[in-house]
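Okay, coords-v4.cif now, which holds mmCIF, C-alpha atoms and all ligand atoms:
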data_run
loop_
_atom_site.label_atom_id
_atom_site.label_comp_id
_atom_site.auth_asym_id
_atom_site.auth_seq_id
_atom_site.Cartn_x
_atom_site.Cartn_y
_atom_site.Cartn_z
CA MET M 1 -11.83 -8.00 -2.19
CA VAL M 2 -15.44 -7.78 -1.27
CA ARG M 3 -16.35 -8.44 2.34
CA MET M 4 -18.72 -11.28 3.11
CA ASN M 5 -22.12 -10.17 4.19
CA PHE M 6 -22.89 -10.32 7.88
CA VAL M 7 -25.06 -13.45 7.77
CA PHE M 8 -22.39 -15.37 5.98
CA GLN M 9 -19.78 -14.18 8.46
CA ILE M 10 -21.84 -15.59 11.30
CA PHE M 11 -22.32 -18.78 9.34
CA PHE M 12 -18.62 -19.07 8.70
CA ALA M 13 -17.73 -18.48 12.35
CA ALA M 14 -20.31 -21.08 13.38
CA LEU M 15 -18.87 -23.53 10.91
CA LEU M 16 -15.47 -23.16 12.49
CA ILE M 17 -16.80 -23.56 16.00
CA SER M 18 -18.88 -26.60 15.09
CA GLY M 19 -15.68 -28.55 14.81
CA THR M 20 -15.41 -29.05 11.09
CA ALA M 21 -12.08 -30.73 10.77
CA LEU M 22 -9.37 -28.25 10.10
CA ALA M 23 -5.94 -29.70 10.07
CA GLN M 24 -2.47 -28.21 9.70
CA THR M 25 -0.26 -27.06 12.54
CA PRO M 26 -0.91 -23.49 13.63
CA THR M 27 1.49 -20.98 12.17
CA THR M 28 2.16 -17.34 12.85
CA PRO M 29 1.49 -14.62 12.18
CA VAL M 30 -2.15 -14.37 11.33
CA THR M 31 -3.71 -10.97 10.75
CA LYS M 32 -3.13 -8.85 13.86
CA LYS M 33 -5.58 -6.50 15.48
CA ILE M 34 -4.87 -2.78 15.23
CA ARG M 35 -3.32 -1.67 18.52
CA THR M 36 -1.02 1.19 17.57
CA ILE M 37 -1.39 3.90 14.94
CA ILE M 38 1.41 6.32 14.05
CA VAL M 39 0.44 9.78 12.78
CA ASP M 40 3.19 11.72 11.05
CA ALA M 41 3.00 15.48 10.55
CA GLY M 42 5.14 15.83 7.42
CA HIS M 43 8.30 17.97 7.45
CA GLY M 44 9.06 20.23 10.46
CA GLY M 45 11.72 22.62 11.81
CA LYS M 46 14.22 23.64 9.14
CA ASP M 47 12.34 21.50 6.62
CA PHE M 48 9.46 23.82 5.66
CA GLY M 49 8.02 21.60 2.96
CA ALA M 50 6.01 23.37 0.28
CA HIS M 51 4.84 26.96 0.55
CA GLY M 52 2.10 29.02 -0.99
CA GLY M 53 4.17 31.88 -2.43
CA TYR M 54 1.73 33.06 -5.05
CA GLU M 55 -0.01 36.42 -5.39
CA GLY M 56 -2.99 36.68 -3.11
CA GLY M 57 -1.81 33.68 -1.09
CA LEU M 58 -1.30 33.37 2.63
CA ASP M 59 2.38 32.50 2.25
CA SER M 60 1.79 29.58 4.60
CA LYS M 61 4.25 26.75 5.14
CA GLU M 62 3.44 23.07 4.70
CA LYS M 63 5.13 22.05 7.98
CA ASN M 64 2.65 24.14 10.01
CA ILE M 65 -0.41 22.89 8.14
CA THR M 66 0.64 19.25 8.52
CA LEU M 67 1.21 19.72 12.24
CA GLN M 68 -2.21 21.31 12.80
CA ILE M 69 -4.04 18.60 10.85
CA ALA M 70 -1.99 15.81 12.48
CA LEU M 71 -2.76 17.15 15.98
CA LYS M 72 -6.47 17.25 15.16
CA LEU M 73 -6.27 13.75 13.67
CA VAL M 74 -4.56 12.42 16.81
CA ALA M 75 -7.35 13.93 18.94
CA GLU M 76 -10.00 12.52 16.61
CA LEU M 77 -8.50 9.02 16.62
CA LYS M 78 -8.17 9.04 20.42
CA LYS M 79 -11.86 9.91 20.61
CA GLN M 80 -12.98 7.35 17.99
CA LEU M 81 -10.65 4.52 19.05
CA PRO M 82 -10.10 4.79 22.80
CA ASP M 83 -8.47 1.35 23.00
CA VAL M 84 -5.82 2.12 20.38
CA LYS M 85 -2.48 3.77 21.09
CA ILE M 86 -2.13 6.85 18.89
CA ILE M 87 1.44 8.05 18.53
CA PRO M 88 2.34 11.30 16.75
CA THR M 89 5.86 11.56 15.30
CA ARG M 90 5.94 15.20 16.44
CA THR M 91 3.69 17.60 18.35
CA THR M 92 5.82 20.73 17.91
CA ASP M 93 7.80 22.43 15.17
CA ILE M 94 10.88 20.20 15.25
CA TYR M 95 12.99 18.80 12.44
CA GLN M 96 12.98 15.04 11.83
CA SER M 97 14.73 13.26 9.00
CA PRO M 98 12.62 10.68 7.15
CA PRO M 99 14.62 7.80 8.76
CA GLU M 100 13.86 9.29 12.19
CA LYS M 101 10.16 9.34 11.38
CA ALA M 102 10.28 5.73 10.16
CA ASP M 103 12.20 4.69 13.30
CA ILE M 104 9.49 6.15 15.53
CA ALA M 105 6.90 4.11 13.65
CA ASN M 106 8.91 0.90 13.75
CA GLU M 107 10.11 1.19 17.35
CA ASN M 108 6.56 1.74 18.55
CA HIS M 109 5.44 -1.38 16.65
CA GLY M 110 2.85 0.55 14.68
CA ASP M 111 0.09 -1.36 12.93
CA LEU M 112 -0.62 1.58 10.67
CA PHE M 113 1.34 4.63 9.52
CA ILE M 114 -0.44 7.75 8.31
CA CYS M 115 1.58 10.64 6.88
CA ILE M 116 0.01 14.08 6.52
CA HIS M 117 1.30 16.38 3.79
CA ALA M 118 0.14 19.23 1.56
CA ASP M 119 0.65 19.33 -2.18
CA ALA M 120 2.18 22.03 -4.36
CA VAL M 121 2.69 22.52 -8.07
CA ALA M 122 5.35 24.57 -9.87
CA LEU M 123 3.92 28.08 -10.23
CA GLN M 124 3.74 30.03 -13.45
CA THR M 125 4.92 33.60 -13.55
CA GLY M 126 2.61 36.34 -14.74
CA ARG M 127 3.37 40.03 -15.50
CA ARG M 128 1.35 43.21 -15.58
CA GLN M 129 2.11 46.83 -16.59
CA THR M 130 2.37 49.19 -13.66
CA GLY M 131 3.33 52.33 -15.58
CA SER M 132 6.04 53.46 -17.95
CA HIS M 133 9.52 54.93 -17.86
CA GLN M 134 12.11 56.58 -20.12
CA GLU M 135 14.96 54.62 -21.61
CA THR M 136 17.98 55.90 -23.57
CA ARG M 137 18.78 54.05 -26.78
CA TYR M 138 21.29 54.76 -29.56
CA HIS M 139 21.20 55.11 -33.30
CA VAL M 140 24.42 53.54 -34.58
CA LYS M 141 25.83 54.70 -37.90
CA LYS M 142 28.81 53.34 -39.85
CA THR M 143 30.64 55.47 -42.40
CA GLY M 144 33.71 55.11 -44.64
CA LYS M 145 35.70 52.06 -45.73
CA GLY M 146 38.86 50.26 -44.65
CA ARG M 147 40.96 52.35 -42.26
CA ARG M 148 38.53 55.20 -42.50
CA ARG M 149 35.63 53.20 -41.27
CA LYS M 150 33.93 54.94 -38.33
CA THR M 151 31.05 54.21 -35.98
CA THR M 152 28.96 56.99 -34.49
CA SER M 153 26.21 56.61 -31.86
CA THR M 154 23.46 59.17 -31.39
CA PRO M 155 21.40 58.90 -28.20
CA TYR M 156 17.60 59.25 -28.18
CA THR M 157 14.89 58.70 -25.57
CA VAL M 158 11.93 56.29 -25.68
CA THR M 159 9.03 55.60 -23.34
CA VAL M 160 8.67 51.91 -22.37
CA PRO M 161 6.16 50.09 -20.16
CA THR M 162 7.16 49.08 -16.64
CA TYR M 163 6.16 45.50 -15.71
CA GLU M 164 5.62 43.79 -12.41
CA TYR M 165 6.10 40.02 -12.18
CA TYR M 166 4.15 37.76 -9.87
CA LYS M 167 3.45 34.06 -9.26
CA ILE M 168 0.08 32.73 -10.34
CA GLY M 169 -1.73 30.43 -7.94
CA SER M 170 -2.39 26.94 -9.32
CA GLN M 171 -5.75 25.65 -10.45
CA ARG M 172 -5.51 22.15 -8.99
CA THR M 173 -7.38 21.45 -5.78
CA GLY M 174 -8.30 18.34 -3.83
CA THR M 175 -6.95 15.51 -1.72
CA SER M 176 -4.90 12.62 -3.07
CA ILE M 177 -3.51 9.55 -1.34
CA TRP M 178 -0.13 8.08 -2.09
CA LEU M 179 1.09 4.55 -1.65
CA PHE M 180 4.45 3.03 -2.05
CA ALA M 181 4.41 0.89 -5.20
CA ALA M 182 5.83 -2.22 -3.58
CA HIS M 183 4.28 -4.72 -5.93
CA LYS M 184 5.96 -3.23 -8.94
CA THR M 185 9.58 -3.33 -7.92
CA LYS M 186 9.66 -5.08 -4.57
CA ASP M 187 11.44 -1.89 -3.50
CA LYS M 188 9.89 -2.01 -0.08
CA LEU M 189 11.53 -5.35 0.47
CA ASP M 190 14.82 -4.18 -0.94
CA ALA M 191 14.63 -1.09 1.25
CA LEU M 192 14.00 -3.22 4.28
CA LEU M 193 16.94 -5.42 3.44
CA LYS M 194 19.41 -2.74 2.50
CA ASN M 195 18.74 0.07 4.87
CA GLU M 196 21.08 0.07 7.81
CA GLU M 197 19.12 2.49 9.95
CA LEU M 198 16.18 0.22 9.62
CA GLU M 199 17.91 -3.06 10.09
CA ILE M 200 15.91 -6.15 10.63
CA GLU M 201 17.38 -6.55 14.06
CA SER M 202 16.02 -8.52 16.94
CA GLY M 203 15.03 -5.35 18.83
CA VAL M 204 12.54 -4.34 16.20
CA ASP M 205 9.44 -6.47 16.18
CA SER M 206 8.83 -7.05 12.54
CA VAL M 207 7.31 -9.79 10.50
CA TYR M 208 10.58 -9.77 8.60
CA ASN M 209 12.48 -10.82 11.74
CA ASN M 210 12.12 -14.52 11.46
CA ILE M 211 12.66 -14.77 7.76
CA ASP M 212 15.77 -16.32 6.31
CA PHE M 213 16.17 -14.35 3.10
CA ASP M 214 18.81 -16.77 1.83
CA THR M 215 16.23 -19.46 1.22
CA PRO M 216 13.67 -19.46 -1.60
CA GLU M 217 10.99 -20.11 0.99
CA GLY M 218 12.09 -17.09 3.00
CA ARG M 219 11.99 -14.87 -0.04
CA ILE M 220 8.50 -16.06 -0.87
CA ARG M 221 7.31 -15.39 2.65
CA ALA M 222 8.81 -11.92 2.49
CA LYS M 223 7.05 -11.29 -0.80
CA ILE M 224 3.78 -12.35 0.75
CA TYR M 225 4.27 -9.88 3.61
CA ALA M 226 5.18 -7.01 1.29
CA ASP M 227 2.09 -7.81 -0.75
CA ARG M 228 -0.06 -7.97 2.36
CA TYR M 229 1.03 -4.47 3.45
CA GLN M 230 0.25 -3.26 -0.01
CA LYS M 231 -3.27 -4.68 0.02
CA LYS M 232 -3.98 -3.18 3.43
CA SER M 233 -2.54 0.18 2.43
CA ILE M 234 -4.79 0.22 -0.63
CA LYS M 235 -7.78 -0.72 1.53
CA LEU M 236 -7.20 2.18 3.92
CA ALA M 237 -6.37 4.64 1.13
CA THR M 238 -9.61 3.76 -0.65
CA MET M 239 -11.59 4.36 2.54
CA VAL M 240 -9.96 7.78 3.06
CA ASP M 241 -10.69 8.68 -0.56
CA GLN M 242 -14.35 7.70 -0.11
CA GLU M 243 -14.67 9.89 2.97
CA VAL M 244 -13.11 12.91 1.22
CA ASP M 245 -15.48 12.31 -1.67
CA LYS M 246 -18.41 12.97 0.68
CA THR M 247 -17.15 16.53 1.30
CA ASP M 248 -17.37 19.51 -1.08
CA ARG M 249 -13.76 19.15 -2.17
CA PRO M 250 -12.44 16.86 -4.92
CA ALA M 251 -11.22 13.38 -3.96
CA LEU M 252 -8.42 12.82 -6.45
CA GLY M 253 -7.96 9.11 -5.78
CA LEU M 254 -5.00 6.83 -5.17
CA TYR M 255 -1.54 7.18 -6.63
CA GLN M 256 1.57 5.07 -6.42
CA ARG M 257 5.16 6.11 -6.55
CA GLN M 258 8.20 3.87 -6.46
CA LYS M 259 10.76 6.41 -5.42
CA GLY M 260 10.81 9.33 -3.05
CA ILE M 261 8.38 8.22 -0.39
CA TRP M 262 11.05 7.15 2.00
CA VAL M 263 8.91 6.89 5.09
CA LEU M 264 6.40 4.68 3.33
CA GLN M 265 8.98 2.24 2.08
CA ALA M 266 10.86 2.06 5.36
CA THR M 267 8.02 1.21 7.71
CA ASN M 268 7.17 -2.37 8.58
CA MET M 269 3.44 -1.78 8.46
CA PRO M 270 0.72 -0.66 6.07
CA ALA M 271 1.38 3.00 5.30
CA ILE M 272 -0.32 5.81 3.39
CA LEU M 273 0.60 9.41 2.65
CA ILE M 274 -2.21 11.94 2.36
CA GLU M 275 -1.65 15.06 0.27
CA THR M 276 -4.44 16.94 2.04
CA GLY M 277 -4.71 19.77 -0.48
CA PHE M 278 -2.78 22.22 -2.66
CA ILE M 279 -0.98 24.92 -0.71
CA THR M 280 -0.47 26.68 -4.06
CA ASN M 281 -4.20 27.01 -4.70
CA HIS M 282 -6.15 30.00 -3.39
CA ASP M 283 -9.13 28.07 -1.98
CA ASP M 284 -7.22 25.00 -0.86
CA GLU M 285 -4.61 27.04 1.00
CA ARG M 286 -7.32 28.87 2.92
CA TYR M 287 -9.09 25.59 3.63
CA LEU M 288 -5.87 23.95 4.87
CA ASN M 289 -5.15 26.89 7.17
CA SER M 290 -8.66 27.09 8.60
CA GLU M 291 -9.85 25.38 11.77
CA LYS M 292 -12.86 24.13 9.87
CA GLY M 293 -10.84 22.65 7.00
CA GLN M 294 -8.30 21.02 9.30
CA GLN M 295 -11.07 19.53 11.42
CA GLU M 296 -12.99 18.26 8.40
CA LEU M 297 -9.88 16.51 7.05
CA ALA M 298 -9.09 15.02 10.47
CA GLU M 299 -12.65 13.70 10.74
CA CYS M 300 -12.58 12.21 7.22
CA ILE M 301 -9.35 10.39 7.92
CA GLY M 302 -10.56 9.38 11.39
CA ARG M 303 -13.76 7.82 10.02
CA ALA M 304 -11.80 5.92 7.36
CA VAL M 305 -9.34 4.59 9.95
CA LYS M 306 -12.21 3.50 12.19
CA LYS M 307 -13.78 1.57 9.28
CA TYR M 308 -10.44 0.05 8.37
CA LYS M 309 -9.80 -1.02 11.95
CA ASP M 310 -13.23 -2.64 12.26
CA ASP M 311 -12.56 -4.54 9.07
CA ILE M 312 -9.06 -5.72 10.02
CA ASP M 313 -10.10 -6.61 13.58
CA HIS M 314 -12.91 -8.68 12.21
CA THR M 315 -10.52 -10.57 9.93
CA ALA M 316 -8.17 -11.06 12.87
CA ALA M 317 -10.96 -12.39 15.06
CA ILE M 318 -12.00 -14.95 12.47
CA ALA M 319 -8.41 -16.00 11.88
CA ALA M 320 -7.97 -16.42 15.65
CA VAL M 321 -11.03 -18.68 15.84
CA ALA M 322 -9.67 -20.75 12.96
CA GLU M 323 -6.30 -20.95 14.69
CA LYS M 324 -7.83 -22.11 17.95
CA GLN M 325 -9.99 -24.63 16.19
CA LYS M 326 -7.06 -26.06 14.30
CA ALA M 327 -5.24 -26.80 17.53
CA SER M 328 -7.97 -29.15 18.73
CA ALA M 329 -9.03 -30.53 15.37
CA THR M 330 -8.19 -34.04 14.30
CA ASP M 331 -6.64 -34.67 10.95
CA TYR M 332 -9.03 -35.65 8.30
CA ASN M 333 -7.84 -37.40 5.25
CA SER M 334 -10.40 -39.24 3.26
CA GLU M 335 -12.70 -37.25 1.11
CA LYS M 336 -14.87 -39.92 -0.49
CA ASN M 337 -17.27 -37.94 -2.61
CA GLU M 338 -15.68 -35.99 -5.36
CA LYS M 339 -17.47 -32.76 -4.57
CA TYR M 340 -15.23 -30.77 -6.91
CA THR M 341 -17.11 -32.11 -9.93
CA ASP M 342 -19.95 -29.66 -9.18
CA ARG M 343 -17.75 -26.74 -10.13
CA THR M 344 -16.18 -25.70 -13.39
CA LYS M 345 -12.44 -25.93 -13.94
CA THR M 346 -10.24 -23.02 -14.87
CA ILE M 347 -6.87 -24.08 -16.26
CA LEU M 348 -4.43 -21.56 -14.86
CA LYS M 349 -1.18 -22.95 -16.17
CA ARG M 350 0.47 -25.82 -18.04
CA ILE M 351 3.86 -26.84 -16.75
CA ASP M 352 6.16 -29.09 -18.77
CA LEU M 353 7.83 -31.70 -16.61
CA LYS M 354 11.33 -32.93 -17.33
CA GLN M 355 11.12 -35.61 -14.67
CA ALA M 356 8.33 -37.54 -13.01
CA ASN M 357 8.88 -36.29 -9.46
CA PHE M 358 8.11 -32.73 -8.45
CA LYS M 359 7.31 -30.68 -5.37
CA VAL M 360 4.38 -28.33 -4.91
CA ASP M 361 4.28 -25.72 -2.11
CA LEU M 362 1.06 -23.86 -1.40
CA TYR M 363 0.85 -20.56 0.50
CA ASP M 364 -1.89 -18.06 1.17
CA ASP M 365 -1.39 -15.29 -1.33
CA GLY M 366 -1.79 -12.01 0.48
CA ASP M 367 -3.82 -11.83 3.65
CA ILE M 368 -3.63 -14.83 5.94
CA ASP M 369 -7.37 -14.75 6.24
CA GLY M 370 -8.36 -18.34 6.82
CA ASP M 371 -8.50 -19.63 3.23
CA ILE M 372 -9.13 -23.40 3.41
CA VAL M 373 -8.51 -25.72 0.44
CA SER M 374 -8.64 -29.34 -0.60
CA VAL M 375 -6.28 -30.50 -3.33
CA TYR M 376 -6.80 -33.33 -5.82
CA PHE M 377 -4.10 -34.85 -7.99
CA ASN M 378 -5.43 -36.82 -10.95
CA GLY M 379 -8.78 -37.00 -9.14
CA LYS M 380 -7.39 -38.28 -5.85
CA ALA M 381 -7.47 -36.18 -2.67
CA VAL M 382 -3.92 -35.30 -1.65
CA LEU M 383 -4.87 -32.56 0.84
CA SER M 384 -8.19 -32.17 2.64
CA ASN M 385 -9.43 -29.06 4.40
CA LYS M 386 -6.06 -27.42 4.91
CA THR M 387 -5.67 -23.77 5.90
CA LEU M 388 -3.33 -21.72 3.75
CA THR M 389 -0.79 -19.65 5.65
CA ASP M 390 2.58 -18.07 5.07
CA LYS M 391 4.21 -21.46 5.68
CA PRO M 392 3.96 -23.92 2.80
CA LEU M 393 1.71 -26.94 2.54
CA THR M 394 4.12 -29.25 0.72
CA LEU M 395 3.16 -32.03 -1.68
CA ASN M 396 5.70 -34.39 -3.21
CA LEU M 397 4.02 -35.71 -6.32
CA THR M 398 4.86 -38.18 -9.07
CA ALA M 399 3.43 -37.87 -12.54
CA ASP M 400 1.37 -40.85 -13.69
CA PRO M 401 3.49 -42.68 -16.34
CA ASP M 402 0.30 -43.56 -18.26
CA LYS M 403 -0.84 -39.96 -18.59
CA THR M 404 0.55 -37.10 -20.63
CA GLU M 405 -1.53 -34.59 -18.65
CA ASN M 406 -1.55 -34.73 -14.86
CA GLU M 407 -4.17 -32.57 -13.24
CA LEU M 408 -3.73 -30.76 -9.93
CA LEU M 409 -7.01 -29.24 -8.80
CA ILE M 410 -7.49 -26.72 -5.99
CA TYR M 411 -10.93 -26.79 -4.42
CA ALA M 412 -11.88 -23.80 -2.24
CA GLU M 413 -13.52 -25.05 0.97
CA ASN M 414 -14.28 -21.43 1.84
CA GLU M 415 -13.25 -18.03 0.59
CA GLY M 416 -11.47 -16.86 3.72
CA THR M 417 -12.63 -13.49 4.94
CA ILE M 418 -11.35 -11.76 1.84
CA LYS M 419 -12.78 -13.17 -1.37
CA PRO M 420 -11.80 -15.08 -3.42
CA ASN M 421 -9.72 -17.94 -2.05
CA THR M 422 -6.23 -17.20 -3.32
CA ALA M 423 -3.12 -19.35 -3.14
CA LEU M 424 0.42 -19.00 -4.31
CA MET M 425 1.70 -22.27 -5.75
CA VAL M 426 5.42 -22.85 -6.14
CA VAL M 427 6.40 -25.87 -8.22
CA THR M 428 9.94 -27.20 -7.92
CA GLU M 429 11.09 -29.77 -10.41
CA GLY M 430 14.75 -30.58 -10.99
CA GLY M 431 16.33 -27.14 -10.83
CA ASN M 432 13.23 -25.31 -12.11
CA ARG M 433 10.86 -23.23 -10.02
CA THR M 434 7.52 -21.99 -11.31
CA GLU M 435 5.10 -19.74 -9.43
CA VAL M 436 1.38 -19.83 -10.13
CA ARG M 437 -1.30 -17.69 -8.54
CA ILE M 438 -4.37 -19.82 -7.93
CA THR M 439 -7.83 -18.36 -7.58
CA SER M 440 -10.75 -20.58 -6.72
CA ASP M 441 -14.22 -19.82 -5.48
CA ALA M 442 -17.63 -21.38 -4.91
CA LYS M 443 -18.12 -21.82 -8.66
CA LYS M 444 -14.66 -22.48 -10.08
CA ASN M 445 -11.79 -24.84 -9.29
CA GLY M 446 -8.29 -23.65 -10.13
CA VAL M 447 -6.40 -26.26 -12.17
CA VAL M 448 -2.72 -26.64 -13.07
CA LEU M 449 -1.77 -29.23 -15.67
CA PHE M 450 1.58 -31.00 -15.55
CA ILE M 451 2.61 -32.25 -18.97
CA LYS M 452 4.97 -35.20 -19.14
CA LYS M 453 6.47 -35.61 -22.59
ZN ZN E 501 5.24 17.31 1.98
#

Could you quickly redo this structure as structure tokens?
Amino acid sequence: MVRMNFVFQIFFAALLISGTALAQTPTTPVTKKIRTIIVDAGHGGKDFGAHGGYEGGLDSKEKNITLQIALKLVAELKKQLPDVKIIPTRTTDIYQSPPEKADIANENHGDLFICIHADAVALQTGRRQTGSHQETRYHVKKTGKGRRRKTTSTPYTVTVPTYEYYKIGSQRTGTSIWLFAAHKTKDKLDALLKNEELEIESGVDSVYNNIDFDTPEGRIRAKIYADRYQKKSIKLATMVDQEVDKTDRPALGLYQRQKGIWVLQATNMPAILIETGFITNHDDERYLNSEKGQQELAECIGRAVKKYKDDIDHTAAIAAVAEKQKASATDYNSEKNEKYTDRTKTILKRIDLKQANFKVDLYDDGDIDGDIVSVYFNGKAVLSNKTLTDKPLTLNLTADPDKTENELLIYAENEGTIKPNTALMVVTEGGNRTEVRITSDAKKNGVVLFIKK
């Protein structure tokens, strides 16, 4: 997902404005600008979170550290992004359940959810000798046999060392960023569907609102949204990691977890959780409790969010231009020159057909970022200059009876704002459905072959 360079961005915008025919009815939603950011100070009140109970530690509590960093981050974001609403989940030491935190994010229609936490590891116990003391032990002697058997104990005194036990601070230091692993299990989707506190009700403005999950199309759209959050979450997490990497402390990278990050799976927006540092480490705990450390972390996260916002807003602006243009564009159907012959073909899949007629639905896979395609079936244009969105471009096709191999070729007219041009193709034939991910770019055409036996 490399951004286009600036010159090409200008060129692409100009191309859209020049009135190049872009057909297809406008659909929603396209990428939205960032208007609201939710900052969550992890834990709070009776929920202390982790604590640094090791020898030589400050005995600090995670809930206080997260609050201090979150407050500084809120101030930093307000300064950096004056036109964005910054909403903290809490500003004092109060308890909030994870569903309450997620509700705050969802009810405020957040475009981004940032959770601040501090890490801890299980501590090992050490011991040291502090002196010695006397202990009474017994020599036990057995005499005689049968009924006459007797046991006698003779006491004696020994000197033994006295030990003191203590917890050893952990070695690990650094900042890591956690994401919810939605793409692996579709848990985010399942969570959104199952959770009653987070119902997909009309009051909550969510992209999931208008989706009918009982239809295959609805489920595909939902998958696309879940995937889109995931991509954006990874984008932001990577930017935070890069900013931390510029400091003196270790940037530990990105991690994914399927279970146990309730707030991340229950929010209808891109979400990341930052484990700012290890409360169980001597240096990290001091850093996390210091004004300087808290401010440095807030500034790192703030800079990353600013970058992320600029990037997303730019994508949104281009998508909006495309949307506007589409409304006034005339349909454009005949593509005389077979321009696709200039590029190489990549065969992405072979699908065996049981019958001659089949349906092909094309969606944008991931970000709705203005990917435009033309589609050729057995060398004939069947779609020209169509924008991929979350609603399908549908083709009802019939296999050529004289051919065993029927070729469907996707030609990328552009690469959207996020390279390459990616489409999700869903083929329905009889009762069978097949999904194919299509990638095409300025050098390669994506090809799917339909084999009629
Ligand atoms: Zn925590």

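If all atoms listed in the file are the atoms counted, then among M:Ala50, M:Leu397, M:Ala102, M:Ile410 the closest residue to ligand ZN 501 (chain E) is M:Ala50.
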
Hey, which residues come within 6 Å of ligand ZN 501 (chain E) if we count all atoms listed in the file? Could you give them as JSON, numbers by chain?
-> {"M": [42, 49, 117, 118]}

Compare M:Pro161, M:Gly52, M:Gly253, M:Pro99 by their minimum atom-to-atom distance to Thr130 of chain M, counting all atoms listed in the file, and give me the closest one.
-> M:Pro161

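You will find atom CA of Lys235 of chain M at 28.9 Å from atom CA of Thr280 of chain M.
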
Surrounding residues of Gly57 of chain M excluding itself and chain neighbours under 4 positions, 10 Å, all atoms listed in the file, as a ChimeraX atom specification = /M:51-53,167-169,279-283,285-286

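Considering the residues M:Asn421, M:Thr394, M:Thr247, M:Gln256 and counting all atoms listed in the file, Glu296 of chain M has its shortest atom-to-atom contact with M:Thr247.
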
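Taking all atoms listed in the file, the non-local environment of Thr92 of chain M within 9 Å (same-chain residues fewer than 5 positions away omitted) comprises Gly44, Gly45 and Leu67 of chain M.
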
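Straight-line separation from atom CA of Ser170 of chain M to atom CA of Ile114 of chain M: 26.1 Å.
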
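What separates atom CA of Val373 of chain M from atom CA of Asn385 of chain M is a distance of 5.3 Å.
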
Which is closest to Leu362 of chain M among M:Ala304, M:Leu348, M:Ile438, M:Leu288, if we use only C-alpha atoms?
-> M:Ile438

Contacts of Arg350 of chain M within 10 Å, all atoms listed in the file, excl. fewer than 3 positions in-chain, as a list in words | Ile347, Leu353, Glu405, Asn406, Glu407, Val436, Val447, Val448, Leu449, Phe450 and Ile451 of chain M

Write out as a ChimeraX atom specification the residues lying within 7 Å of Tyr163 of chain M, counting all atoms listed in the file and excluding same-chain residues fewer than 5 positions away.
-> /M:127-130

Near-Glu413 of chain M list (10 Å; only C-alpha atoms; drop same-chain fewer than 5 positions) as a PyMOL selection string = chain M and resi 340+371-374+384-387+421+440-442

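Among the candidate residues M:Gln295, M:Lys380, M:Leu424, M:Lys452, the one lying nearest to Lys354 of chain M is M:Lys452, with distances computed using all atoms listed in the file.
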
So which one's closest to Pro250 of chain M, M:Thr276, M:Gln355, M:Ser233, M:Gln68? Using all atoms listed in the file, please.
-> M:Thr276

Could you give me, as a ChimeraX atom specification, the residues that have an atom at most 12 Å away from the point (-0.3, 3.7, 7.3) in the coordinates of the file, using only C-alpha atoms?
-> /M:34,36-40,102,105-106,110-116,177-180,229-237,240,263-274,301,304-305,308-309
